[in-house]
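Okay, model.txt now, which holds compact mmCIF, C-alpha atoms:
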```txt
# COMPACT_ATOMS: atom_id res chain seq x y z
CA MET A 857 -48.70 -9.19 10.13
CA THR A 858 -49.38 -8.44 13.80
CA TYR A 859 -47.69 -10.26 16.63
CA LYS A 860 -48.84 -10.83 20.16
CA ILE A 861 -46.23 -9.56 22.59
CA SER A 862 -45.80 -11.46 25.85
CA ASN A 863 -47.63 -10.20 28.93
CA ARG A 864 -44.39 -9.83 30.85
CA VAL A 865 -43.07 -7.39 28.25
CA THR A 866 -46.27 -5.38 27.83
CA GLN A 867 -46.33 -4.59 31.55
CA ILE A 868 -42.93 -2.87 31.54
CA LYS A 869 -41.90 0.52 30.16
CA PRO A 870 -38.66 1.82 28.61
CA ALA A 871 -36.09 3.17 31.07
CA ALA A 872 -36.74 6.87 31.65
CA THR A 873 -33.03 7.70 31.71
CA ILE A 874 -32.57 6.23 28.24
CA MET A 875 -35.69 7.97 26.92
CA VAL A 876 -34.46 11.37 28.13
CA SER A 877 -31.03 10.82 26.57
CA MET A 878 -32.59 9.71 23.29
CA LYS A 879 -34.86 12.77 23.17
CA ALA A 880 -31.92 15.06 23.93
CA ALA A 881 -29.91 13.45 21.12
CA GLU A 882 -32.85 13.85 18.74
CA LEU A 883 -33.11 17.58 19.50
CA ARG A 884 -29.35 18.00 19.01
CA GLU A 885 -29.65 16.42 15.58
CA GLN A 886 -32.23 19.09 14.79
CA GLY A 887 -29.64 21.73 15.61
CA ARG A 888 -30.85 22.56 19.14
CA ASP A 889 -28.36 23.49 21.87
CA ILE A 890 -29.11 20.77 24.44
CA ILE A 891 -27.24 19.77 27.59
CA SER A 892 -28.36 16.41 28.94
CA LEU A 893 -28.05 15.69 32.64
CA GLY A 894 -30.08 12.54 32.25
CA PHE A 895 -27.60 9.70 31.88
CA GLY A 896 -25.73 8.26 34.88
CA GLU A 897 -22.38 7.91 33.16
CA PRO A 898 -18.99 9.29 34.28
CA ASP A 899 -17.63 11.94 31.93
CA PHE A 900 -14.05 10.85 32.71
CA ASP A 901 -12.12 8.57 30.37
CA THR A 902 -11.13 5.08 31.48
CA PRO A 903 -7.67 5.32 33.11
CA ASP A 904 -4.75 4.52 30.81
CA HIS A 905 -3.40 1.51 32.71
CA ILE A 906 -6.81 -0.18 32.36
CA LYS A 907 -6.96 0.48 28.62
CA GLN A 908 -3.40 -0.79 28.26
CA ALA A 909 -4.36 -4.07 29.94
CA ALA A 910 -7.13 -4.53 27.38
CA ILE A 911 -4.73 -3.86 24.50
CA GLU A 912 -2.26 -6.39 25.85
CA ALA A 913 -5.03 -8.96 26.24
CA ILE A 914 -5.94 -8.54 22.58
CA TRP A 915 -2.37 -9.02 21.42
CA ALA A 916 -2.00 -12.01 23.75
CA GLY A 917 -4.90 -13.67 21.92
CA LYS A 918 -7.33 -13.64 24.84
CA THR A 919 -10.19 -13.43 22.39
CA LYS A 920 -11.93 -16.78 22.89
CA TYR A 921 -15.07 -17.60 24.86
CA PRO A 922 -14.43 -16.95 28.56
CA PRO A 923 -15.92 -19.04 31.37
CA VAL A 924 -19.58 -18.25 31.99
CA ASP A 925 -18.97 -16.93 35.52
CA GLY A 926 -15.74 -15.03 34.81
CA ILE A 927 -12.05 -15.60 34.15
CA PRO A 928 -10.07 -16.87 37.18
CA GLU A 929 -7.84 -13.78 37.28
CA LEU A 930 -10.79 -11.43 37.63
CA LYS A 931 -12.64 -13.60 40.14
CA ASN A 932 -9.49 -13.72 42.29
CA ALA A 933 -9.16 -9.93 42.00
CA ILE A 934 -12.78 -9.56 43.15
CA VAL A 935 -12.16 -11.83 46.15
CA GLN A 936 -9.15 -9.67 47.08
CA LYS A 937 -11.15 -6.48 46.56
CA PHE A 938 -13.86 -7.62 48.99
CA ARG A 939 -11.22 -8.65 51.54
CA ARG A 940 -9.18 -5.45 51.21
CA GLU A 941 -11.93 -2.85 50.96
CA ASN A 942 -14.94 -4.40 52.66
CA GLN A 943 -13.47 -6.91 55.12
CA LEU A 944 -15.68 -9.60 53.55
CA GLU A 945 -14.45 -13.14 52.87
CA TYR A 946 -15.55 -15.03 49.76
CA GLU A 947 -14.26 -17.96 47.73
CA THR A 948 -14.14 -17.80 43.94
CA GLY A 949 -17.11 -20.17 43.76
CA GLN A 950 -19.16 -17.45 45.45
CA ILE A 951 -18.37 -14.91 42.71
CA ILE A 952 -19.97 -14.36 39.31
CA VAL A 953 -18.95 -11.84 36.64
CA ALA A 954 -21.61 -10.58 34.24
CA ASN A 955 -22.28 -8.02 31.52
CA GLY A 956 -22.72 -5.21 34.02
CA ALA A 957 -24.16 -5.07 37.53
CA LYS A 958 -27.58 -4.85 35.90
CA GLN A 959 -27.26 -8.38 34.53
CA CYS A 960 -26.13 -9.66 37.93
CA LEU A 961 -29.33 -8.33 39.44
CA PHE A 962 -31.48 -9.70 36.63
CA ASN A 963 -29.84 -13.13 36.95
CA LEU A 964 -30.57 -13.08 40.68
CA LEU A 965 -34.22 -12.10 40.26
CA VAL A 966 -34.81 -14.82 37.66
CA SER A 967 -33.02 -17.36 39.84
CA LEU A 968 -34.92 -16.49 43.00
CA LEU A 969 -38.47 -15.38 42.23
CA ASN A 970 -41.57 -17.41 41.51
CA PRO A 971 -44.86 -15.86 40.31
CA GLY A 972 -46.36 -13.76 43.09
CA ASP A 973 -43.20 -13.45 45.18
CA GLU A 974 -42.87 -9.98 46.69
CA VAL A 975 -39.77 -7.80 46.55
CA ILE A 976 -39.45 -4.93 49.02
CA LEU A 977 -38.26 -1.86 47.13
CA PRO A 978 -37.50 1.41 48.92
CA ALA A 979 -38.47 4.51 46.94
CA PRO A 980 -36.89 6.57 45.51
CA TYR A 981 -35.41 3.63 43.58
CA TRP A 982 -33.31 3.11 40.47
CA VAL A 983 -35.65 3.21 37.48
CA SER A 984 -35.01 -0.37 36.35
CA TYR A 985 -35.71 -2.18 39.62
CA PRO A 986 -39.55 -2.42 39.38
CA ASP A 987 -39.61 -3.57 35.76
CA MET A 988 -36.84 -6.11 36.27
CA ILE A 989 -38.82 -7.56 39.17
CA LYS A 990 -41.92 -7.79 36.97
CA LEU A 991 -39.94 -9.48 34.18
CA ALA A 992 -38.97 -12.14 36.73
CA ASP A 993 -42.69 -12.61 37.63
CA GLY A 994 -42.24 -10.89 40.99
CA LEU A 995 -44.33 -8.16 42.61
CA PRO A 996 -42.60 -4.89 43.61
CA VAL A 997 -43.74 -3.70 47.03
CA ILE A 998 -42.85 -0.03 47.26
CA LEU A 999 -41.83 1.52 50.59
CA ASN A 1000 -41.84 5.31 50.35
CA ALA A 1001 -38.82 6.88 52.02
CA THR A 1002 -39.62 10.55 52.48
CA PRO A 1003 -37.29 13.57 52.64
CA GLU A 1004 -38.19 13.80 56.34
CA ALA A 1005 -36.70 10.29 56.77
CA ASP A 1006 -33.63 11.31 54.73
CA PHE A 1007 -34.93 9.23 51.81
CA LYS A 1008 -34.18 5.99 53.71
CA ILE A 1009 -36.60 3.38 54.98
CA THR A 1010 -36.89 2.67 58.68
CA ALA A 1011 -36.92 -0.63 60.53
CA LYS A 1012 -40.55 0.03 61.46
CA GLN A 1013 -41.50 0.44 57.79
CA LEU A 1014 -39.68 -2.73 56.85
CA GLU A 1015 -41.30 -4.75 59.63
CA ALA A 1016 -44.78 -3.58 58.60
CA SER A 1017 -44.22 -4.48 54.95
CA LEU A 1018 -43.11 -8.09 55.40
CA THR A 1019 -45.59 -10.85 54.52
CA ASP A 1020 -45.48 -14.59 53.93
CA GLU A 1021 -44.87 -13.80 50.25
CA THR A 1022 -41.87 -11.52 50.85
CA ARG A 1023 -38.85 -13.03 49.14
CA LEU A 1024 -36.32 -10.26 48.75
CA LEU A 1025 -35.26 -6.78 49.93
CA ILE A 1026 -33.20 -4.51 47.65
CA ILE A 1027 -30.95 -1.89 49.25
CA ASN A 1028 -29.00 0.58 47.10
CA SER A 1029 -26.42 2.65 48.98
CA PRO A 1030 -25.19 5.17 47.89
CA SER A 1031 -28.54 5.58 46.24
CA ASN A 1032 -29.45 6.33 42.68
CA PRO A 1033 -31.19 8.85 42.54
CA THR A 1034 -30.80 10.49 45.97
CA GLY A 1035 -27.13 9.91 46.79
CA LYS A 1036 -28.18 8.94 50.32
CA VAL A 1037 -26.10 6.39 52.24
CA TYR A 1038 -27.23 4.05 55.01
CA SER A 1039 -25.20 4.42 58.18
CA ALA A 1040 -24.02 1.50 60.30
CA GLU A 1041 -26.71 2.37 62.84
CA GLU A 1042 -29.45 2.36 60.20
CA TYR A 1043 -28.23 -0.93 58.76
CA ASN A 1044 -28.17 -2.42 62.24
CA ALA A 1045 -31.81 -1.48 62.83
CA LEU A 1046 -32.86 -3.06 59.52
CA ALA A 1047 -30.76 -6.15 60.29
CA GLU A 1048 -32.56 -6.69 63.59
CA VAL A 1049 -35.82 -7.01 61.64
CA LEU A 1050 -34.34 -9.21 58.92
CA ILE A 1051 -32.83 -11.66 61.42
CA GLU A 1052 -36.36 -12.41 62.61
CA HIS A 1053 -37.48 -13.23 59.04
CA PRO A 1054 -35.10 -15.93 57.76
CA LYS A 1055 -36.97 -16.52 54.48
CA VAL A 1056 -36.17 -13.03 53.19
CA MET A 1057 -33.06 -12.62 51.05
CA ILE A 1058 -31.23 -9.31 50.65
CA VAL A 1059 -29.52 -7.62 47.74
CA CYS A 1060 -26.99 -4.88 48.47
CA ASP A 1061 -26.47 -2.86 45.29
CA ASP A 1062 -23.17 -1.12 46.09
CA ILE A 1063 -22.32 0.08 42.58
CA TYR A 1064 -21.63 3.66 43.80
CA GLU A 1065 -19.47 2.51 46.73
CA HIS A 1066 -16.39 4.47 45.66
CA ILE A 1067 -18.28 7.68 44.96
CA TYR A 1068 -18.76 8.42 48.65
CA TRP A 1069 -17.53 11.35 50.74
CA GLY A 1070 -19.32 10.91 54.06
CA ASP A 1071 -17.63 11.64 57.37
CA LYS A 1072 -17.89 8.04 58.55
CA PRO A 1073 -16.37 4.93 56.90
CA TYR A 1074 -18.45 3.32 54.18
CA HIS A 1075 -20.38 0.24 55.30
CA THR A 1076 -22.29 -2.39 53.43
CA LEU A 1077 -24.92 -4.40 55.32
CA LEU A 1078 -22.67 -7.39 56.01
CA ASN A 1079 -20.09 -5.21 57.77
CA VAL A 1080 -22.75 -4.51 60.38
CA CYS A 1081 -24.51 -7.86 60.42
CA PRO A 1082 -22.33 -10.72 59.12
CA GLU A 1083 -25.01 -13.18 60.34
CA LEU A 1084 -26.97 -12.30 57.17
CA ALA A 1085 -24.21 -13.51 54.82
CA SER A 1086 -25.98 -16.79 54.07
CA ARG A 1087 -28.84 -14.90 52.43
CA THR A 1088 -27.24 -11.70 51.12
CA VAL A 1089 -25.93 -11.03 47.62
CA VAL A 1090 -23.61 -8.04 47.19
CA ILE A 1091 -23.60 -6.52 43.71
CA ASN A 1092 -20.92 -4.18 42.40
CA GLY A 1093 -18.96 -3.43 39.25
CA VAL A 1094 -16.34 -1.27 37.59
CA SER A 1095 -18.63 0.97 35.52
CA LYS A 1096 -19.13 3.92 37.86
CA ALA A 1097 -15.96 3.86 39.96
CA TYR A 1098 -13.47 3.42 37.12
CA ALA A 1099 -15.40 5.21 34.33
CA MET A 1100 -15.88 1.91 32.48
CA THR A 1101 -19.58 1.97 31.60
CA GLY A 1102 -19.05 0.75 28.04
CA TRP A 1103 -16.84 -2.15 29.10
CA ARG A 1104 -19.90 -3.82 30.69
CA ILE A 1105 -18.45 -5.63 33.68
CA GLY A 1106 -20.37 -6.17 36.90
CA TYR A 1107 -20.00 -8.81 39.57
CA ALA A 1108 -21.86 -10.37 42.46
CA ALA A 1109 -20.84 -12.25 45.59
CA GLY A 1110 -23.08 -14.36 47.77
CA PRO A 1111 -24.15 -17.84 48.89
CA GLN A 1112 -22.67 -20.44 46.56
CA ASP A 1113 -25.99 -22.11 45.72
CA MET A 1114 -27.45 -18.76 44.64
CA ILE A 1115 -24.37 -17.89 42.58
CA THR A 1116 -24.61 -21.32 40.93
CA ALA A 1117 -28.24 -20.65 40.02
CA MET A 1118 -27.28 -17.25 38.59
CA ARG A 1119 -24.57 -18.93 36.53
CA LYS A 1120 -27.19 -21.28 35.05
CA VAL A 1121 -29.32 -18.33 33.98
CA GLN A 1122 -26.37 -16.50 32.48
CA GLY A 1123 -25.20 -19.64 30.70
CA GLN A 1124 -28.49 -19.78 28.82
CA SER A 1125 -28.60 -16.06 27.98
CA THR A 1126 -25.33 -14.22 27.32
CA SER A 1127 -22.71 -16.69 28.57
CA GLY A 1128 -19.48 -15.05 29.74
CA ALA A 1129 -18.77 -11.32 29.65
CA CYS A 1130 -16.32 -9.95 27.07
CA SER A 1131 -12.88 -11.49 27.64
CA ILE A 1132 -11.05 -8.24 26.86
CA SER A 1133 -13.25 -6.26 29.24
CA GLN A 1134 -12.55 -8.82 31.96
CA ALA A 1135 -8.79 -8.31 31.50
CA ALA A 1136 -9.35 -4.56 31.81
CA ALA A 1137 -11.50 -5.01 34.94
CA THR A 1138 -8.77 -7.16 36.52
CA ALA A 1139 -6.29 -4.32 35.96
CA ALA A 1140 -8.79 -1.85 37.45
CA LEU A 1141 -9.16 -3.82 40.68
CA GLU A 1142 -5.49 -4.79 41.02
CA GLY A 1143 -3.83 -1.61 39.75
CA PRO A 1144 -3.29 1.85 41.23
CA GLN A 1145 -6.40 3.32 42.84
CA ASP A 1146 -5.46 7.02 42.67
CA CYS A 1147 -7.99 7.53 39.90
CA LEU A 1148 -10.82 6.76 42.32
CA ILE A 1149 -9.75 9.56 44.62
CA ASP A 1150 -9.27 12.05 41.78
CA MET A 1151 -12.73 11.40 40.35
CA ARG A 1152 -14.41 11.41 43.75
CA VAL A 1153 -12.87 14.80 44.62
CA GLU A 1154 -14.16 16.27 41.37
CA TYR A 1155 -17.65 14.79 41.83
CA LYS A 1156 -17.83 16.31 45.31
CA ARG A 1157 -16.75 19.72 43.97
CA ARG A 1158 -19.53 19.62 41.39
CA TYR A 1159 -22.04 18.40 43.97
CA GLU A 1160 -21.27 21.24 46.35
CA TYR A 1161 -21.73 23.78 43.58
CA LEU A 1162 -24.97 22.24 42.35
CA LEU A 1163 -26.46 21.86 45.83
CA ASP A 1164 -26.03 25.57 46.59
CA ALA A 1165 -27.05 26.68 43.11
CA LEU A 1166 -30.28 24.66 43.08
CA ASN A 1167 -31.30 25.76 46.56
CA ALA A 1168 -30.74 29.38 45.49
CA ILE A 1169 -33.54 29.04 42.92
CA ASP A 1170 -36.84 30.18 44.37
CA GLY A 1171 -39.18 27.20 44.56
CA VAL A 1172 -36.50 24.47 44.31
CA GLU A 1173 -35.44 22.39 47.32
CA CYS A 1174 -32.48 20.03 47.13
CA GLU A 1175 -31.42 17.63 49.91
CA ASP A 1176 -27.74 17.13 50.63
CA CYS A 1177 -26.16 13.70 50.16
CA ASP A 1178 -22.98 11.70 50.71
CA GLY A 1179 -22.37 9.98 47.39
CA ALA A 1180 -23.18 8.92 43.81
CA PHE A 1181 -23.31 11.71 41.21
CA TYR A 1182 -26.91 12.86 41.25
CA ALA A 1183 -28.84 15.78 42.65
CA PHE A 1184 -32.52 15.05 43.28
CA PRO A 1185 -34.25 18.37 43.93
CA SER A 1186 -37.95 18.88 44.52
CA PHE A 1187 -39.66 21.11 41.95
CA LYS A 1188 -43.11 20.76 43.54
CA GLU A 1189 -43.42 24.47 44.26
CA ILE A 1190 -42.44 25.29 40.67
CA ILE A 1191 -45.02 22.83 39.32
CA ASP A 1192 -47.72 24.40 41.50
CA ARG A 1193 -46.91 27.82 40.05
CA MET A 1194 -47.19 26.72 36.42
CA PRO A 1195 -50.83 26.34 35.34
CA ASP A 1196 -49.97 24.38 32.19
CA ILE A 1197 -47.67 21.89 33.96
CA ARG A 1198 -49.37 19.11 35.90
CA ASP A 1199 -46.44 17.06 37.14
CA ASP A 1200 -42.71 16.37 37.02
CA VAL A 1201 -43.02 14.40 33.79
CA GLU A 1202 -44.47 17.41 31.99
CA LEU A 1203 -41.97 19.72 33.70
CA ALA A 1204 -39.03 17.60 32.50
CA SER A 1205 -40.38 17.77 28.94
CA TRP A 1206 -40.95 21.52 29.27
CA MET A 1207 -37.41 22.05 30.58
CA LEU A 1208 -35.95 20.13 27.68
CA GLU A 1209 -37.89 22.20 25.15
CA ASN A 1210 -37.62 25.62 26.83
CA ALA A 1211 -34.36 25.48 28.77
CA GLY A 1212 -32.44 23.00 26.65
CA VAL A 1213 -31.67 20.91 29.74
CA GLY A 1214 -32.38 17.18 29.88
CA MET A 1215 -33.39 15.88 33.32
CA VAL A 1216 -35.19 12.71 34.42
CA PRO A 1217 -38.61 13.06 36.09
CA GLY A 1218 -38.79 11.83 39.67
CA THR A 1219 -41.89 9.77 38.91
CA ALA A 1220 -39.60 7.27 37.16
CA PHE A 1221 -37.86 6.78 40.52
CA GLY A 1222 -41.04 6.54 42.55
CA ALA A 1223 -40.76 10.15 43.78
CA PRO A 1224 -43.16 12.49 41.94
CA GLY A 1225 -42.38 16.19 42.02
CA HIS A 1226 -38.61 15.73 41.76
CA LEU A 1227 -36.15 15.85 38.88
CA ARG A 1228 -32.85 13.98 38.77
CA LEU A 1229 -29.78 15.81 37.53
CA SER A 1230 -26.55 13.92 36.90
CA TYR A 1231 -23.46 15.98 37.63
CA ALA A 1232 -21.20 13.53 35.82
CA THR A 1233 -20.45 16.34 33.41
CA SER A 1234 -18.23 19.42 33.30
CA MET A 1235 -18.56 22.33 35.70
CA GLU A 1236 -19.06 24.53 32.65
CA ASN A 1237 -22.11 22.50 31.65
CA LEU A 1238 -23.50 22.60 35.19
CA ARG A 1239 -23.17 26.37 35.42
CA SER A 1240 -24.84 26.75 32.05
CA CYS A 1241 -27.69 24.41 33.08
CA ILE A 1242 -28.37 26.35 36.26
CA GLU A 1243 -28.58 29.61 34.31
CA ARG A 1244 -30.88 28.02 31.75
CA ILE A 1245 -33.18 26.56 34.42
CA LYS A 1246 -33.37 29.89 36.28
CA THR A 1247 -34.05 31.84 33.09
CA ALA A 1248 -36.75 29.41 31.94
CA ILE A 1249 -38.52 29.45 35.30
CA GLU A 1250 -38.38 33.26 35.62
CA SER A 1251 -39.70 33.77 32.10
```
Structure rendered as structure tokens:
Amino acid sequence: MTYKISNRVTQIKPAATIMVSMKAAELREQGRDIISLGFGEPDFDTPDHIKQAAIEAIWAGKTKYPPVDGIPELKNAIVQKFRRENQLEYETGQIIVANGAKQCLFNLLVSLLNPGDEVILPAPYWVSYPDMIKLADGLPVILNATPEADFKITAKQLEASLTDETRLLIINSPSNPTGKVYSAEEYNALAEVLIEHPKVMIVCDDIYEHIYWGDKPYHTLLNVCPELASRTVVINGVSKAYAMTGWRIGYAAGPQDMITAMRKVQGQSTSGACSISQAAATAALEGPQDCLIDMRVEYKRRYEYLLDALNAIDGVECEDCDGAFYAFPSFKEIIDRMPDIRDDVELASWMLENAGVGMVPGTAFGAPGHLRLSYATSMENLRSCIERIKTAIES
């Protein structure tokens, strides 16, 4: 029997990061020596005090259905986190906890968008943004941020892209895949445009907030322009900062009516996030924060090595960055040299087969000619990958 799949599903494609990781795993099962730099997942273990909190929650019997929008302890911890680290004031009714930051964003898109509504999406972008917008019946409007513009959109670009159908702007800083971070000055320029367009909402995806080593203090948009609070949703989570990807806890803060709408969506899909994971996330936010510093120092060490090593390869150009755990080098010159390789998608496949290194093609991020390498892996693996890439290219 054949089934007709919905139009909204047929227009989307599988996440490129997952596809690369699956292909790498398949080759390993065949006995191939493969190192995958495709998945954006910390290689550190979850800190012990967080795991202990989860164990204690199990033995305390906290194994029943939790509230749809999060347990009170975690929501209070999130309120305190925003106050302590971001100087932002929220009430618990303005907070929702979900099964990862990804679900927070999906809930928001479903709650906000009607068919034909436009969402401004700076490129390079996280691979899931465009398809999530389409699933919510929205239209992604891509703004290309070039290397010359430091992979960040300008106020002039934003102004030119706004129409009567524009409903939302998504900003991800530090960025996946570029690691670029918007400065206070850059946010201020964008805010001046947004203030003049009161129908446009804003999402600040700050999931890599704690993986930041810039010279200036970290800012989110509302630190620069608090006037936009009534139409800004800030999304964050514990996955990247605390090495808790599998625990699946993300959270969002914003206008109460929008958070209420997001709670309705979540209540009819997954309901509340895992009660044990919420206890662990509470311990992460309230407990010692030394682990954040330790991991950030190590990420920066790997980044500095990888930046120099990639730029030392003839034909590869890699921009510097201030955060996240990705390098996003251009391989355009390499592609031009290889008569049998037409683009970054084919190059990524060729590298996997010939170098044994899994990388995600830049096309998936809206930036053809690039490859994304995650350095959330050991220095030993990174050194090996660089040697493999060099050897494959030279041969």
| said: Taking 4 positions as the minimum chain separation for residues in the same chain, which residues sit within 6 Å of segment 1160-1175 of chain A when counting only C-alpha atoms? Answer as JSON, numbers by chain. | reply: {"A": [1185, 1186, 1187, 1189, 1190]}
| note | Closest of A:Ser1125, A:Arg1119, A:Ile951, A:Asn863 to Lys937 of chain A, counting all atoms listed in the file, is A:Ile951
| task | Might you pull out every residue within 10 Å of segment 870-883 of chain A, with all atoms listed in the file counted and same-chain residues fewer than 4 positions away left off, and present them as a PyMOL selection string? | result | chain A and resi 887-896+982-984+987+1204-1205+1208-1209+1212-1221+1228
| said: I want to know what sits within 7 Å of Asp993 of chain A, based on only C-alpha atoms, with residues of the same chain fewer than 4 positions away left out; could you give that as a ChimeraX atom specification? | reply: /A:969-972,989
| Of the residues A:Lys1072, A:His905, A:Arg1239, A:Arg1023, which is the one nearest to Pro1054 of chain A, using all atoms listed in the file? | A:Arg1023
| message | With distances taken over all atoms listed in the file, which residue among A:Ile1091, A:Cys1147, A:Ile1115, A:Val1201 lies nearest Ala1223 of chain A? | response |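 Closest to Ala1223 of chain A, using all atoms listed in the file: A:Val1201.
Those DNA, RNA and protein residues that approach the point (-18.3, -1.2, 51.7) to within 8 Å, considering all atoms listed in the file, are Glu941, Asn942, Asp1062, Glu1065, Tyr1074, His1075, Thr1076 and Asn1079 of chain A.
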Residues as selected, C-alpha atoms, written as a PDB file, keeping the file's coordinate frame, can you do that?
```pdb
ATOM      1  CA  GLU A 941     -11.930  -2.850  50.960  1.00  0.00           C
ATOM      2  CA  ASN A 942     -14.940  -4.400  52.660  1.00  0.00           C
ATOM      3  CA  ASP A1062     -23.170  -1.120  46.090  1.00  0.00           C
ATOM      4  CA  GLU A1065     -19.470   2.510  46.730  1.00  0.00           C
ATOM      5  CA  TYR A1074     -18.450   3.320  54.180  1.00  0.00           C
ATOM      6  CA  HIS A1075     -20.380   0.240  55.300  1.00  0.00           C
ATOM      7  CA  THR A1076     -22.290  -2.390  53.430  1.00  0.00           C
ATOM      8  CA  ASN A1079     -20.090  -5.210  57.770  1.00  0.00           C
TER       9      ASN A1079
END
```
Skip Ile998 of chain A itself and residues of its chain fewer than 4 positions away, then list as an mmCIF file with C-alpha atoms, in the coordinates of the input all residues within 8 Å of it, counting all atoms listed in the file.
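What landed in result.cif:
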```cif
data_model
loop_
_atom_site.group_PDB
_atom_site.id
_atom_site.type_symbol
_atom_site.label_atom_id
_atom_site.label_comp_id
_atom_site.auth_asym_id
_atom_site.auth_seq_id
_atom_site.Cartn_x
_atom_site.Cartn_y
_atom_site.Cartn_z
ATOM 1 C CA ILE A 976 -39.450 -4.930 49.020
ATOM 2 C CA LEU A 977 -38.260 -1.860 47.130
ATOM 3 C CA PRO A 978 -37.500 1.410 48.920
ATOM 4 C CA ALA A 979 -38.470 4.510 46.940
#
```
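Proximity to Ser967 of chain A was assessed for A:Lys1036, A:Lys931, A:Lys1120, A:Lys918 counting all atoms listed in the file; the smallest distance is recorded for A:Lys1120.
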| task | Would you work out the distance separating atom CA of Ala1099 of chain A from atom CA of Asp1071 of chain A, expressed in Å to one decimal? | result | 24.0 Å
| task | Provide the atom CA of Gln1122 of chain A to atom CA of Val953 of chain A distance in Å, to one decimal place. | result |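 Those two atoms sit 9.7 Å apart.
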| request: May I ask for the distance between atom CA of Thr1010 of chain A and atom CA of Leu1077 of chain A, given in Å to one decimal place? | output: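 Computed distance, atom CA of Thr1010 of chain A to atom CA of Leu1077 of chain A, equals 14.3 Å.
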| message | Counting only C-alpha atoms, which residue out of A:Ala1108, A:Ala1136, A:Ala1232, A:Met1194 sits closest to Ala957 of chain A? | response |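 So, comparing all the options, the nearest one is A:Ala1108.
Counting all atoms listed in the file and comparing A:Pro922, A:Gly1035, A:Pro928, A:Pro1195, the residue that lies closest to Ala1183 of chain A is A:Gly1035.
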Hey, what's within 9 Å of Gly956 of chain A if we count all atoms listed in the file and toss same-chain stuff fewer than 5 positions away? As a PDB file with C-alpha atoms, in the frame of the given file, please?
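Below you can see result08.pdb, which holds the result:
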```pdb
ATOM      1  CA  ASN A1092     -20.920  -4.180  42.400  1.00  0.00           C
ATOM      2  CA  GLY A1093     -18.960  -3.430  39.250  1.00  0.00           C
ATOM      3  CA  VAL A1094     -16.340  -1.270  37.590  1.00  0.00           C
ATOM      4  CA  SER A1095     -18.630   0.970  35.520  1.00  0.00           C
ATOM      5  CA  THR A1101     -19.580   1.970  31.600  1.00  0.00           C
ATOM      6  CA  TRP A1103     -16.840  -2.150  29.100  1.00  0.00           C
ATOM      7  CA  ARG A1104     -19.900  -3.820  30.690  1.00  0.00           C
ATOM      8  CA  ILE A1105     -18.450  -5.630  33.680  1.00  0.00           C
ATOM      9  CA  GLY A1106     -20.370  -6.170  36.900  1.00  0.00           C
ATOM     10  CA  TYR A1107     -20.000  -8.810  39.570  1.00  0.00           C
ATOM     11  CA  ALA A1129     -18.770 -11.320  29.650  1.00  0.00           C
TER      12      ALA A1129
END
```
